Amino acid sequence: MTCGAMMTGGPLTAMEGETVGEAVRKLIEHRYINLPVVDGSGTFLGMFGIYDMFSLVVPKVALAGGLLPNLRFMGDDAGELRQRFGEIAGRKVGDVADRDVRVVYPDTPQLEALRLFCQQHTTLAVVERGTRKLLGILSYWDAVCALRG
């Protein structure tokens, strides 16, 4: 089986000029983890998801690992975290999308997609070879349903 046979075509996307706040609203409304980010012609630019949003809210030093005891400079206050989200909500999603993600093509074998899921733990964009035009996405659920038959 190929990625083209398993993918969800015509996925919900975020346009590169949308704000982080608008993209997060889509993620919440549809209970998605990731959205492909595209330009006006439908060219895939990257992914933006919940973990990208969290990394914009949490200070970079906190992401270095094992530093929780040293984060006294940042309170664990919900209001403060909402304020930090408010500060990044107006940024353009195209500026913060993860552009360093692997893509697959319609003819990519199922086994390669499963290997990428194991390595990257993220939704995969299915793009047209050469143009990178977004054709669909391949989610964990798509892959599990294909495996189950």
# chains A, B, ... in the order shown; residues from 1 in each chain; ligands from 1
>>> select_by_dssp(residues="chain A", states="strand (DSSP E)", output="list in words")
Thr8, Gly9, Ala14, Met15, Asn34, Leu35, Pro36, Val37, Val38, Phe44, Leu45, Gly46, Met47, Phe48, Gly49, Val103, Val104, Leu124, Ala125, Val126, Val127, Leu134, Leu135, Gly136, Ile137 and Leu138 of chain A
>>> residues_around(residues="A:Thr13", least_positions_apart="2", cutoff="7 Å", atoms="only C-alpha atoms", output="mmCIF file with C-alpha atoms, in the first residue's frame")
data_model
loop_
_atom_site.group_PDB
_atom_site.id
_atom_site.type_symbol
_atom_site.label_atom_id
_atom_site.label_comp_id
_atom_site.auth_asym_id
_atom_site.auth_seq_id
_atom_site.Cartn_x
_atom_site.Cartn_y
_atom_site.Cartn_z
ATOM 1 C CA PRO A 11 -6.909 18.428 4.795
ATOM 2 C CA MET A 15 -2.318 29.684 5.552
ATOM 3 C CA LEU A 35 -1.914 21.535 10.759
ATOM 4 C CA PRO A 36 -0.011 21.702 7.490
ATOM 5 C CA VAL A 37 0.962 25.274 6.660
ATOM 6 C CA VAL A 38 0.626 26.288 3.016
#
>>> closest_residue(among="A:Gly79, A:Gly17, A:Gly10, A:Gly86", to="A:Leu135", atoms="only C-alpha atoms")
A:Gly10
>>> closest_residue(among="A:Leu27, A:Ala97, A:Leu147, A:Val57", to="A:Leu81", atoms="only C-alpha atoms")
A:Val57
>>> closest_residue(among="A:Met53, A:Ala125, A:Ala78, A:Val20", to="A:Val104", atoms="only C-alpha atoms")
A:Ala125
>>> atom_distance(atom1="atom CA of A:Ser139", atom2="atom CA of A:Phe117")
8.9 Å
>>> residues_around(residues="A:Thr108", least_positions_apart="6", cutoff="12 Å", atoms="only C-alpha atoms", output="PyMOL selection string")
chain A and resi 1-7+114-116+124-129+138
>>> write_last_selection(atoms="N, CA and C atoms", output="mmCIF file, in the first residue's frame")
data_model
loop_
_atom_site.group_PDB
_atom_site.id
_atom_site.type_symbol
_atom_site.label_atom_id
_atom_site.label_comp_id
_atom_site.auth_asym_id
_atom_site.auth_seq_id
_atom_site.Cartn_x
_atom_site.Cartn_y
_atom_site.Cartn_z
ATOM 1 N N MET A 1 0.846 -1.181 0.000
ATOM 2 C CA MET A 1 0.000 0.000 0.000
ATOM 3 C C MET A 1 0.890 1.242 0.000
ATOM 4 N N THR A 2 0.394 2.317 -0.564
ATOM 5 C CA THR A 2 1.164 3.563 -0.650
ATOM 6 C C THR A 2 0.538 4.641 0.234
ATOM 7 N N CYS A 3 1.305 5.701 0.444
ATOM 8 C CA CYS A 3 0.813 6.829 1.235
ATOM 9 C C CYS A 3 -0.387 7.493 0.564
ATOM 10 N N GLY A 4 -0.400 7.538 -0.768
ATOM 11 C CA GLY A 4 -1.528 8.107 -1.484
ATOM 12 C C GLY A 4 -2.815 7.353 -1.227
ATOM 13 N N ALA A 5 -2.717 6.052 -1.046
ATOM 14 C CA ALA A 5 -3.906 5.229 -0.786
ATOM 15 C C ALA A 5 -4.388 5.364 0.654
ATOM 16 N N MET A 6 -3.499 5.733 1.557
ATOM 17 C CA MET A 6 -3.854 5.824 2.983
ATOM 18 C C MET A 6 -4.210 7.235 3.432
ATOM 19 N N MET A 7 -3.776 8.244 2.696
ATOM 20 C CA MET A 7 -3.862 9.631 3.169
ATOM 21 C C MET A 7 -5.289 10.144 3.261
ATOM 22 N N LEU A 114 5.499 4.410 8.147
ATOM 23 C CA LEU A 114 5.542 3.868 9.510
ATOM 24 C C LEU A 114 6.902 4.127 10.152
ATOM 25 N N ARG A 115 7.964 3.996 9.369
ATOM 26 C CA ARG A 115 9.312 4.279 9.874
ATOM 27 C C ARG A 115 9.426 5.744 10.294
ATOM 28 N N LEU A 116 8.872 6.653 9.477
ATOM 29 C CA LEU A 116 8.917 8.079 9.810
ATOM 30 C C LEU A 116 8.077 8.384 11.051
ATOM 31 N N LEU A 124 2.295 13.378 8.852
ATOM 32 C CA LEU A 124 3.117 13.532 7.658
ATOM 33 C C LEU A 124 2.329 14.232 6.559
ATOM 34 N N ALA A 125 2.976 15.149 5.875
ATOM 35 C CA ALA A 125 2.360 15.801 4.725
ATOM 36 C C ALA A 125 2.630 14.950 3.488
ATOM 37 N N VAL A 126 1.588 14.749 2.686
ATOM 38 C CA VAL A 126 1.739 14.052 1.411
ATOM 39 C C VAL A 126 1.736 15.144 0.345
ATOM 40 N N VAL A 127 2.848 15.262 -0.358
ATOM 41 C CA VAL A 127 3.004 16.349 -1.332
ATOM 42 C C VAL A 127 3.304 15.798 -2.725
ATOM 43 N N GLU A 128 3.043 16.650 -3.690
ATOM 44 C CA GLU A 128 3.350 16.318 -5.083
ATOM 45 C C GLU A 128 4.860 16.443 -5.281
ATOM 46 N N ARG A 129 5.423 15.452 -5.901
ATOM 47 C CA ARG A 129 6.859 15.450 -6.161
ATOM 48 C C ARG A 129 7.228 16.640 -7.056
ATOM 49 N N LEU A 138 -1.099 12.327 6.256
ATOM 50 C CA LEU A 138 -1.131 10.947 6.724
ATOM 51 C C LEU A 138 -0.995 11.005 8.239
#
>>> closest_residue(among="A:Gln119, A:Asp100, A:Gln83, A:Ala14", to="A:Thr43", atoms="only C-alpha atoms")
A:Ala14
>>> closest_residue(among="A:Gln110, A:Thr8, A:Ser41, A:Asn34", to="A:Arg132", atoms="only C-alpha atoms")
A:Ser41
>>> closest_residue(among="A:Arg25, A:Arg102, A:Leu111, A:His30", to="A:Leu12", atoms="only C-alpha atoms")
A:His30
